[in-house]
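Dropping input-v3.txt in here (compact mmCIF, C-alpha atoms and all ligand atoms):
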# COMPACT_ATOMS: atom_id res chain seq x y z
CA MET A 299 15.49 51.60 5.65
CA THR A 300 13.97 53.35 2.65
CA ARG A 301 10.82 52.21 0.87
CA CYS A 302 13.00 51.07 -2.04
CA GLN A 303 15.33 49.01 0.17
CA LEU A 304 12.35 47.42 1.88
CA GLN A 305 10.67 46.55 -1.42
CA ALA A 306 13.87 44.88 -2.70
CA ALA A 307 14.17 42.89 0.54
CA LEU A 308 10.56 41.67 0.46
CA GLU A 309 10.84 40.77 -3.22
CA ALA A 310 13.79 38.55 -2.31
CA ALA A 311 11.94 37.08 0.70
CA VAL A 312 8.98 35.79 -1.34
CA LEU A 313 11.29 33.85 -3.67
CA ALA A 314 11.84 31.31 -0.87
CA PRO A 315 10.78 27.69 -1.43
CA SER A 316 7.71 26.26 0.30
CA PRO A 317 5.97 22.86 0.12
CA HIS A 318 3.62 22.77 -2.90
CA ASN A 319 4.59 26.46 -3.36
CA SER A 320 2.04 27.30 -0.67
CA GLN A 321 3.88 30.52 0.36
CA PRO A 322 2.73 30.43 4.00
CA TRP A 323 4.15 33.84 4.97
CA ARG A 324 3.11 37.37 5.77
CA PHE A 325 5.22 40.43 6.54
CA GLU A 326 4.30 43.37 8.76
CA VAL A 327 6.42 46.45 8.36
CA THR A 328 6.87 49.30 10.80
CA ASP A 329 9.61 51.89 10.76
CA GLY A 330 13.00 50.11 10.67
CA GLN A 331 11.42 46.73 11.47
CA VAL A 332 9.92 43.77 9.59
CA ASP A 333 7.92 41.02 11.31
CA VAL A 334 7.81 37.62 9.59
CA LEU A 335 4.51 35.86 10.29
CA LEU A 336 3.18 32.39 9.62
CA ASP A 337 0.01 32.45 7.50
CA GLU A 338 -1.78 29.58 9.21
CA SER A 339 -4.44 29.44 6.49
CA ARG A 340 -1.73 28.21 4.10
CA VAL A 341 -0.32 25.38 6.21
CA LEU A 342 -0.80 22.02 4.41
CA ALA A 343 -3.27 20.11 6.60
CA VAL A 344 -2.21 16.64 5.42
CA ALA A 345 1.46 16.86 4.37
CA ASP A 346 2.43 19.31 7.10
CA LEU A 347 0.17 18.65 10.07
CA GLY A 348 1.60 20.87 12.81
CA GLY A 349 3.13 23.40 10.41
CA ARG A 350 6.80 22.41 10.74
CA GLU A 351 7.51 22.83 7.02
CA ALA A 352 5.52 26.07 6.87
CA ARG A 353 7.71 27.50 9.64
CA MET A 354 10.77 26.30 7.71
CA SER A 355 9.49 28.09 4.60
CA CYS A 356 9.13 31.30 6.64
CA GLY A 357 12.69 30.70 7.91
CA ALA A 358 13.87 30.44 4.31
CA ALA A 359 12.04 33.70 3.47
CA LEU A 360 13.68 35.28 6.53
CA PHE A 361 17.10 34.20 5.27
CA ASN A 362 16.45 35.82 1.87
CA LEU A 363 15.26 38.97 3.65
CA ARG A 364 18.45 39.05 5.72
CA MET A 365 20.70 38.64 2.67
CA ALA A 366 18.80 41.27 0.66
CA LEU A 367 19.12 43.80 3.50
CA ARG A 368 22.80 42.96 4.00
CA ALA A 369 23.44 43.31 0.24
CA GLN A 370 22.21 46.90 0.61
CA GLY A 371 24.67 47.58 3.43
CA LEU A 372 22.09 47.39 6.22
CA PRO A 373 23.08 45.64 9.46
CA VAL A 374 20.35 43.19 10.47
CA TYR A 375 19.30 42.11 13.98
CA VAL A 376 16.96 39.12 14.19
CA SER A 377 14.98 37.80 17.14
CA LEU A 378 13.18 34.52 16.65
CA MET A 379 9.69 34.15 18.17
CA PRO A 380 10.06 37.41 20.11
CA VAL A 381 6.60 37.37 21.75
CA ALA A 382 5.83 34.15 23.65
CA GLU A 383 2.01 34.41 23.23
CA ARG A 384 2.24 35.07 19.46
CA ARG A 385 2.96 31.62 17.91
CA ASP A 386 2.44 33.08 14.44
CA LEU A 387 5.08 35.79 14.92
CA LEU A 388 8.15 33.83 13.87
CA ALA A 389 10.77 36.55 13.62
CA ARG A 390 11.34 40.25 14.10
CA VAL A 391 14.01 41.85 11.92
CA ARG A 392 15.44 45.21 12.93
CA VAL A 393 17.73 47.31 10.82
CA SER A 394 19.89 50.25 11.79
CA GLY A 395 23.12 51.94 10.74
CA HIS A 396 25.38 50.96 7.87
CA LEU A 397 27.83 48.09 7.37
CA ALA A 398 29.16 47.19 3.93
CA ALA A 399 28.05 43.76 2.67
CA ARG A 400 30.65 40.98 2.72
CA ALA A 401 31.50 39.17 -0.51
CA ASP A 402 29.89 35.91 0.68
CA GLU A 403 26.64 37.73 1.49
CA LEU A 404 26.55 39.22 -2.01
CA VAL A 405 27.15 35.78 -3.55
CA LEU A 406 24.20 34.33 -1.63
CA TYR A 407 21.98 37.32 -2.41
CA ARG A 408 22.68 37.02 -6.15
CA ALA A 409 21.79 33.32 -6.04
CA ILE A 410 18.25 34.02 -4.69
CA PRO A 411 16.51 34.59 -8.07
CA ARG A 412 18.47 31.73 -9.69
CA ARG A 413 17.54 29.05 -7.13
CA ARG A 414 14.75 26.67 -8.01
CA THR A 415 13.69 23.14 -7.20
CA ASN A 416 14.99 20.86 -9.94
CA ARG A 417 13.03 17.59 -10.25
CA ARG A 418 14.63 16.73 -13.58
CA PRO A 419 17.29 14.02 -14.08
CA PHE A 420 20.80 14.99 -13.02
CA ARG A 421 23.97 13.97 -14.81
CA ASP A 422 26.02 11.22 -13.17
CA ASP A 423 28.91 13.69 -12.45
CA PRO A 424 29.81 13.54 -8.75
CA VAL A 425 29.47 16.62 -6.54
CA GLY A 426 33.08 17.38 -5.55
CA GLY A 427 34.51 17.33 -2.04
CA ASP A 428 34.97 21.13 -1.91
CA VAL A 429 31.33 21.73 -2.78
CA GLN A 430 30.21 19.14 -0.21
CA LYS A 431 32.30 20.90 2.42
CA ALA A 432 30.75 24.28 1.53
CA LEU A 433 27.24 22.78 1.82
CA ARG A 434 28.01 21.33 5.26
CA GLN A 435 29.48 24.64 6.41
CA ALA A 436 26.41 26.51 5.18
CA ALA A 437 24.20 24.44 7.50
CA LEU A 438 26.61 24.83 10.44
CA HIS A 439 26.62 28.59 9.90
CA GLU A 440 22.89 28.63 10.73
CA ASP A 441 23.17 26.28 13.72
CA ALA A 442 22.07 23.11 11.90
CA ARG A 443 23.86 20.10 10.41
CA LEU A 444 23.81 18.68 6.91
CA VAL A 445 24.64 14.98 6.88
CA LEU A 446 25.70 13.97 3.37
CA LEU A 447 25.16 10.26 2.85
CA ASP A 448 28.55 9.10 1.68
CA ARG A 449 28.75 5.73 3.50
CA PRO A 450 27.26 3.00 1.22
CA GLU A 451 25.45 1.09 3.99
CA ARG A 452 23.78 4.26 5.28
CA TYR A 453 22.96 5.36 1.72
CA GLY A 454 21.21 2.05 1.00
CA ALA A 455 19.13 2.12 4.17
CA VAL A 456 18.11 5.77 3.78
CA SER A 457 17.24 5.49 0.07
CA THR A 458 15.06 2.44 0.84
CA LEU A 459 13.25 4.46 3.51
CA LEU A 460 12.78 7.39 1.08
CA ARG A 461 11.21 5.11 -1.52
CA PHE A 462 8.95 3.52 1.07
CA ALA A 463 7.74 6.94 2.30
CA GLU A 464 7.22 8.35 -1.20
CA ASN A 465 5.21 5.26 -2.21
CA ALA A 466 3.12 5.57 0.96
CA GLN A 467 2.22 9.17 0.03
CA ARG A 468 1.44 8.12 -3.55
CA GLN A 469 -1.13 5.67 -2.20
CA ASP A 470 -2.58 8.05 0.41
CA VAL A 471 -5.83 9.47 -1.01
CA ASP A 472 -5.89 12.47 1.36
CA PHE A 473 -2.30 13.36 0.52
CA GLN A 474 -2.98 13.07 -3.22
CA ASP A 475 -6.18 15.17 -2.97
CA GLU A 476 -4.25 17.90 -1.18
CA LEU A 477 -1.40 17.76 -3.71
CA LEU A 478 -3.88 17.96 -6.60
CA ALA A 479 -5.31 21.17 -5.16
CA TRP A 480 -1.82 22.70 -5.45
CA VAL A 481 -1.15 21.65 -9.05
CA ALA A 482 -1.18 24.95 -10.91
CA GLU A 483 -2.69 24.03 -14.29
CA ASP A 484 -3.70 27.67 -14.83
CA PRO A 485 -0.60 29.63 -15.95
CA ASP A 486 -2.02 32.79 -14.28
CA ARG A 487 -2.14 31.15 -10.85
CA LEU A 488 0.34 32.78 -8.43
CA ASP A 489 0.89 29.79 -6.12
CA GLY A 490 1.02 26.00 -6.48
CA VAL A 491 3.33 23.96 -8.69
CA PRO A 492 2.89 23.94 -12.49
CA PRO A 493 3.14 20.48 -14.14
CA LEU A 494 6.14 21.79 -16.11
CA ALA A 495 8.11 21.94 -12.84
CA SER A 496 7.90 18.14 -12.51
CA GLY A 497 10.53 15.93 -14.07
CA PRO A 498 9.86 13.63 -17.04
CA PRO A 499 8.82 10.04 -16.31
CA PRO A 500 11.82 7.80 -15.59
CA LEU A 501 12.96 5.38 -18.28
CA MET A 502 13.86 2.88 -15.55
CA GLU A 503 12.70 3.05 -11.92
CA PRO A 504 15.32 5.31 -10.25
CA LEU A 505 16.75 4.75 -6.78
CA VAL A 506 14.87 7.72 -5.29
CA LEU A 507 11.40 8.78 -6.41
CA LEU A 508 10.60 12.46 -6.85
CA ARG A 509 7.23 14.06 -6.19
CA GLN A 510 5.04 14.34 -9.27
CA TYR A 511 2.80 17.38 -9.93
CA GLY A 512 0.10 16.73 -12.55
CA SER A 513 0.24 14.24 -15.37
CA ASP A 514 3.38 13.54 -17.38
CA GLY A 515 1.60 15.00 -20.43
CA ASP A 516 3.77 14.50 -23.46
CA LYS A 517 7.09 14.51 -21.56
CA ARG A 518 9.52 12.01 -23.08
CA PRO A 519 10.78 9.41 -20.54
CA ARG A 520 14.38 10.05 -19.48
CA GLU A 521 16.99 8.21 -17.51
CA TYR A 522 17.68 9.53 -13.99
CA GLU A 523 21.08 9.44 -12.30
CA GLN A 524 21.85 6.17 -10.51
CA GLU A 525 22.91 7.46 -7.10
CA PRO A 526 22.28 11.15 -6.45
CA LEU A 527 24.12 12.84 -3.60
CA LEU A 528 21.61 12.88 -0.72
CA GLY A 529 21.76 15.09 2.35
CA VAL A 530 19.67 15.26 5.51
CA LEU A 531 19.35 18.56 7.36
CA LEU A 532 19.29 18.07 11.13
CA THR A 533 18.64 20.37 14.07
CA HIS A 534 19.57 19.76 17.72
CA ARG A 535 15.99 20.18 18.93
CA ASP A 536 12.56 20.22 17.32
CA SER A 537 10.71 23.29 18.65
CA ALA A 538 8.94 25.91 16.52
CA ARG A 539 12.02 28.11 16.90
CA ASP A 540 14.20 25.24 15.62
CA HIS A 541 11.98 24.95 12.55
CA VAL A 542 12.57 28.63 11.72
CA ARG A 543 16.30 28.04 12.23
CA ALA A 544 16.14 24.95 10.03
CA GLY A 545 14.49 27.04 7.30
CA GLN A 546 17.33 29.56 7.41
CA ALA A 547 19.89 26.75 7.27
CA LEU A 548 17.98 25.11 4.42
CA GLN A 549 18.02 28.31 2.40
CA ARG A 550 21.73 28.95 3.05
CA VAL A 551 22.46 25.40 1.85
CA LEU A 552 20.25 25.79 -1.26
CA LEU A 553 21.76 29.17 -2.17
CA THR A 554 25.30 27.88 -1.60
CA ALA A 555 24.49 25.03 -3.99
CA THR A 556 22.98 27.43 -6.53
CA ALA A 557 26.02 29.71 -6.36
CA GLY A 558 28.18 26.64 -7.14
CA GLU A 559 25.91 25.70 -10.11
CA VAL A 560 24.62 22.66 -8.18
CA SER A 561 20.92 21.84 -8.63
CA THR A 562 18.78 20.75 -5.70
CA SER A 563 15.47 19.08 -5.03
CA PHE A 564 13.57 17.84 -1.99
CA LEU A 565 12.53 14.34 -0.92
CA SER A 566 10.26 15.26 1.96
CA ALA A 567 8.01 12.20 2.25
CA ALA A 568 10.38 10.64 4.79
CA VAL A 569 10.25 13.69 7.08
CA GLU A 570 6.52 14.33 6.58
CA LEU A 571 5.39 10.87 7.74
CA PRO A 572 5.98 10.65 11.51
CA ALA A 573 7.01 6.95 11.54
CA SER A 574 9.48 7.43 8.67
CA ARG A 575 10.86 10.53 10.32
CA SER A 576 11.69 8.66 13.52
CA ALA A 577 13.12 5.75 11.50
CA LEU A 578 15.32 8.23 9.62
CA ARG A 579 16.41 9.77 12.90
CA SER A 580 17.48 6.34 14.22
CA LEU A 581 19.27 5.48 10.96
CA LEU A 582 21.36 8.62 11.42
CA GLY A 583 22.35 7.57 14.93
CA ASP A 584 19.92 9.84 16.83
CA GLU A 585 22.23 12.76 16.14
CA GLY A 586 19.42 15.29 15.67
CA TYR A 587 15.96 15.87 14.23
CA PRO A 588 15.67 15.41 10.45
CA GLN A 589 14.05 18.53 8.95
CA ALA A 590 14.64 18.10 5.21
CA VAL A 591 16.05 15.55 2.79
CA LEU A 592 17.78 17.01 -0.25
CA ARG A 593 19.12 15.71 -3.55
CA PHE A 594 22.13 17.49 -5.08
CA GLY A 595 23.57 17.21 -8.58
CA TYR A 596 24.10 18.81 -11.95
CA GLY A 597 21.15 19.24 -14.28
CA TYR A 598 19.27 21.59 -16.60
CA PRO A 599 17.18 24.04 -14.61
CA PRO A 600 13.37 23.92 -14.85
CA PRO A 601 11.24 27.07 -15.31
CA HIS A 602 10.55 29.35 -12.34
CA THR A 603 7.40 28.87 -10.29
CA ARG A 604 5.29 31.97 -9.64
CA ARG A 605 4.84 34.00 -6.45
CA ARG A 606 2.13 36.20 -4.98
CA PRO A 607 3.30 39.81 -5.17
CA VAL A 608 4.80 41.59 -2.16
CA ALA A 609 1.75 43.89 -1.90
CA GLU A 610 -0.48 40.86 -1.31
CA VAL A 611 1.61 39.38 1.51
CA SER A 612 2.74 42.50 3.36
CA THR A 613 1.15 45.21 5.47
CA CYS A 614 2.76 48.55 6.11
CA LEU A 615 1.76 49.67 9.60
CA GLN A 616 3.52 53.03 9.39
CA THR A 617 4.73 55.25 6.56
CA GLN A 618 8.26 54.46 5.48
CA GLY A 619 10.89 57.14 4.89
C1 LIG A 701 10.06 22.38 3.55
C2 LIG A 701 9.90 22.09 2.08
C3 LIG A 701 9.60 20.81 1.65
C4 LIG A 701 9.48 20.53 0.29
N1 LIG A 701 9.27 19.24 -0.12
C5 LIG A 701 9.22 18.93 -1.43
C6 LIG A 701 9.10 17.57 -1.86
O1 LIG A 701 9.04 16.64 -1.07
N2 LIG A 701 9.10 17.32 -3.19
C7 LIG A 701 9.21 18.32 -4.12
O2 LIG A 701 9.22 18.01 -5.29
N3 LIG A 701 9.34 19.62 -3.73
C8 LIG A 701 9.36 19.94 -2.42
N4 LIG A 701 9.55 21.24 -2.02
C9 LIG A 701 9.80 22.26 -3.04
C10 LIG A 701 8.59 23.11 -3.35
O3 LIG A 701 7.63 22.38 -4.07
C11 LIG A 701 9.08 24.34 -4.12
O4 LIG A 701 9.88 25.10 -3.26
C12 LIG A 701 7.95 25.22 -4.62
O5 LIG A 701 7.19 24.55 -5.57
C13 LIG A 701 8.49 26.52 -5.24
O6 LIG A 701 9.34 26.23 -6.33
P1 LIG A 701 10.88 26.64 -6.34
O7 LIG A 701 11.56 25.96 -5.20
O8 LIG A 701 11.38 26.15 -7.68
O9 LIG A 701 10.97 28.13 -6.21
C14 LIG A 701 9.64 21.57 -0.66
C15 LIG A 701 9.93 22.86 -0.21
C16 LIG A 701 10.06 23.13 1.14
C17 LIG A 701 10.42 24.51 1.60

Take the structure in this file and express it as structure tokens.
Amino acid sequence: MTRCQLQAALEAAVLAPSPHNSQPWRFEVTDGQVDVLLDESRVLAVADLGGREARMSCGAALFNLRMALRAQGLPVYVSLMPVAERRDLLARVRVSGHLAARADELVLYRAIPRRRTNRRPFRDDPVGGDVQKALRQAALHEDARLVLLDRPERYGAVSTLLRFAENAQRQDVDFQDELLAWVAEDPDRLDGVPPLASGPPPLMEPLVLLRQYGSDGDKRPREYEQEPLLGVLLTHRDSARDHVRAGQALQRVLLTATAGEVSTSFLSAAVELPASRSALRSLLGDEGYPQAVLRFGYGYPPPHTRRRPVAEVSTCLQTQG
């Protein structure tokens, strides 16, 4: 792996999503090997007590890293949590030899810089059956499941739970204080969420409520879609390793959507509050552990959020070739 190949791979890795754009990752590079580490100082103490979502974010960064290396014809070997005593060492990526990238890997790689969280209103156009199938397969490919809520009775119960959880976080002073600290009012700030990345205020109360960063400012109220396509990402178990897996599955789903011109956003309140998370699990028939709730649809993309540069989040432990 040359210095250039490594730089391209790390630049792709840091474009991963993370809650409040907290970017809780670090990378340690030695010859032919990249370690993906959890930056515990960036785990959200209120929204993400225990660090599940931070590990998912690192899993999403790992997925980008994999695709960027594959796009350059490098075969990738990943071990998750390779050292039992090192809870922060989430993955070790080794590279050796040459194997041409497959077309599907290139499609996902090219979607990395185009993906973004879209909290704006979506059009009412339905997401077609073929796209839904591709999204489900993307999750399965990474050993997770994406349950798309297509049965009306399930949809009603889950959307009620999502609203309940979002409202609970809106009234939780500690949650709101933490969120406020991650609102990036300063355009030079390299983490956090700028108010421009939030959607406009709804004209009428929509079925699902999206997270709001900063004040609405002078955004004109707009109508949101009536019934967005909702999906819940599930894993079989709920260990730290499963969270890293879930992050990879999440990112494959998001990039598959992006490649198909489908916008995505998160509705995490219901998986961040423990009681709502177990209620959601029961509503889905105890078929797995809910890791993320996603909204899919067609809409105009918001601006990109910023990232800390690769040099700030990586350490080179040995000179690269
Ligand atoms: C595990 C996880 C949970 C998230 N939950 C939410 C959420 O509940 N609401 C929201 O608006 N964004 C959520 N996000 C999206 C982040 O805010 C977003 O990824 C970050 O601001 C970077 O922006 P980008 O995705 O456009 O690159 C979540 C992201 C991750 C990885």

Box time for ligand LIG 701 (chain A): axis-aligned, enclosing all its listed atoms, 6 Å extra on each side; report centre and edge lengths in Å to one decimal, as lines of an AutoDock Vina configuration file.
center_x = 9.4
center_y = 22.4
center_z = -2.1
size_x = 16.4
size_y = 23.5
size_z = 23.2

### Message
What's around Pro519 (chain A) at 7 Å? Count all atoms listed in the file, leave out sequence neighbours fewer than 6 positions away in its own chain, and write the answer as a list in words.
### Response
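Final neighbour list, sorted by chain and number: Pro498, Pro499, Pro500 and Leu501 of chain A.
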
Practice task
List every protein, DNA or RNA residue with an atom no more than 9 Å from (19.8, 45.3, 4.0) in the file's coordinates, counting only C-alpha atoms, and format the result as a PyMOL selection string.
Solution key: chain A and resi 299+303-304+306-307+363-374+393+396+399

At most 6 Å is the cut-off: for each residue in chain A with any atom that close to an atom of ligand LIG 701 (chain A), write down the nearest atom pair and the distance in Å rounded to one decimal, counting all atoms listed in the file, chain first then increasing number, as a tab-separated table.
residue	atom	partner	partner_atom	distance
A:Pro315	CA	A:LIG701	O4	3.3
A:Ser316	CA	A:LIG701	C17	3.5
A:Pro317	CA	A:LIG701	C14	4.0
A:His318	CA	A:LIG701	O3	4.2
A:Asn319	CA	A:LIG701	C12	3.8
A:Glu351	CA	A:LIG701	C1	4.3
A:Met354	CA	A:LIG701	C1	5.8
A:Ser355	CA	A:LIG701	C17	4.8
A:Arg414	CA	A:LIG701	O8	3.4
A:Thr415	CA	A:LIG701	O8	3.8
A:Val491	CA	A:LIG701	O5	5.0
A:Leu508	CA	A:LIG701	O2	5.9
A:Arg509	CA	A:LIG701	O2	4.5
A:Phe564	CA	A:LIG701	C6	4.5
A:Leu565	CA	A:LIG701	O1	4.2
A:Ser566	CA	A:LIG701	O1	3.5
A:Ala567	CA	A:LIG701	O1	5.6
A:His602	CA	A:LIG701	O8	5.7
A:Thr603	CA	A:LIG701	O6	5.1

Requested in this report: Write out as a PyMOL selection string which residues come within 7 Å of Leu387 (chain A) when counting only C-alpha atoms, dropping same-chain ones fewer than 4 positions away.
Outcome: chain A and resi 333-336+379

#### Entry: Atomic distance CA of Gly558 (chain A) - CA of Leu397 (chain A), expressed in Å with one decimal
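These two atoms are separated by 25.9 Å.
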
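Of the residues listed (A:Ala401, A:Arg301, A:Arg350, A:Ala609), A:Arg350 shows the shortest atom-to-atom separation from Val569 (chain A); distances use only C-alpha atoms.
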
re CA of Pro322 (chain A) and CA of Gln589 (chain A): distance 17.2 Å

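Using all atoms listed in the file, the smallest distance between any of A:Leu313, A:Cys302, A:Leu494, A:Ala343 and Leu477 (chain A) comes from A:Ala343.
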
Top pick for closest residue to Arg418 (chain A), considering A:Ala382, A:Leu552, A:Ala495, A:Ala482 and counting all atoms listed in the file: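 Under the stated criterion, the closest residue is A:Ala495.
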
### Message
Given the point (22.7, 13.9, 14.5) in the file's coordinates, find the residues that have an atom at most 8 Å from it, counting only C-alpha atoms, and give them as a list in words.
### Response
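The residues that fall inside the cut-off are Arg443, Val445, Leu532, Thr533, His534, Arg579, Leu582, Gly583, Asp584, Glu585, Gly586 and Tyr587 of chain A.
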
**Message:** From the options A:Ala432, A:Val376, A:Ala389, A:Thr328, which residue's atoms come nearest to Leu553 (chain A), counting all atoms listed in the file?
**Reply:**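 Among the listed residues, A:Ala432 lies closest to Leu553 (chain A).
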
Here CA of Ala311 (chain A) and CA of Val425 (chain A) stand apart by 27.9 Å
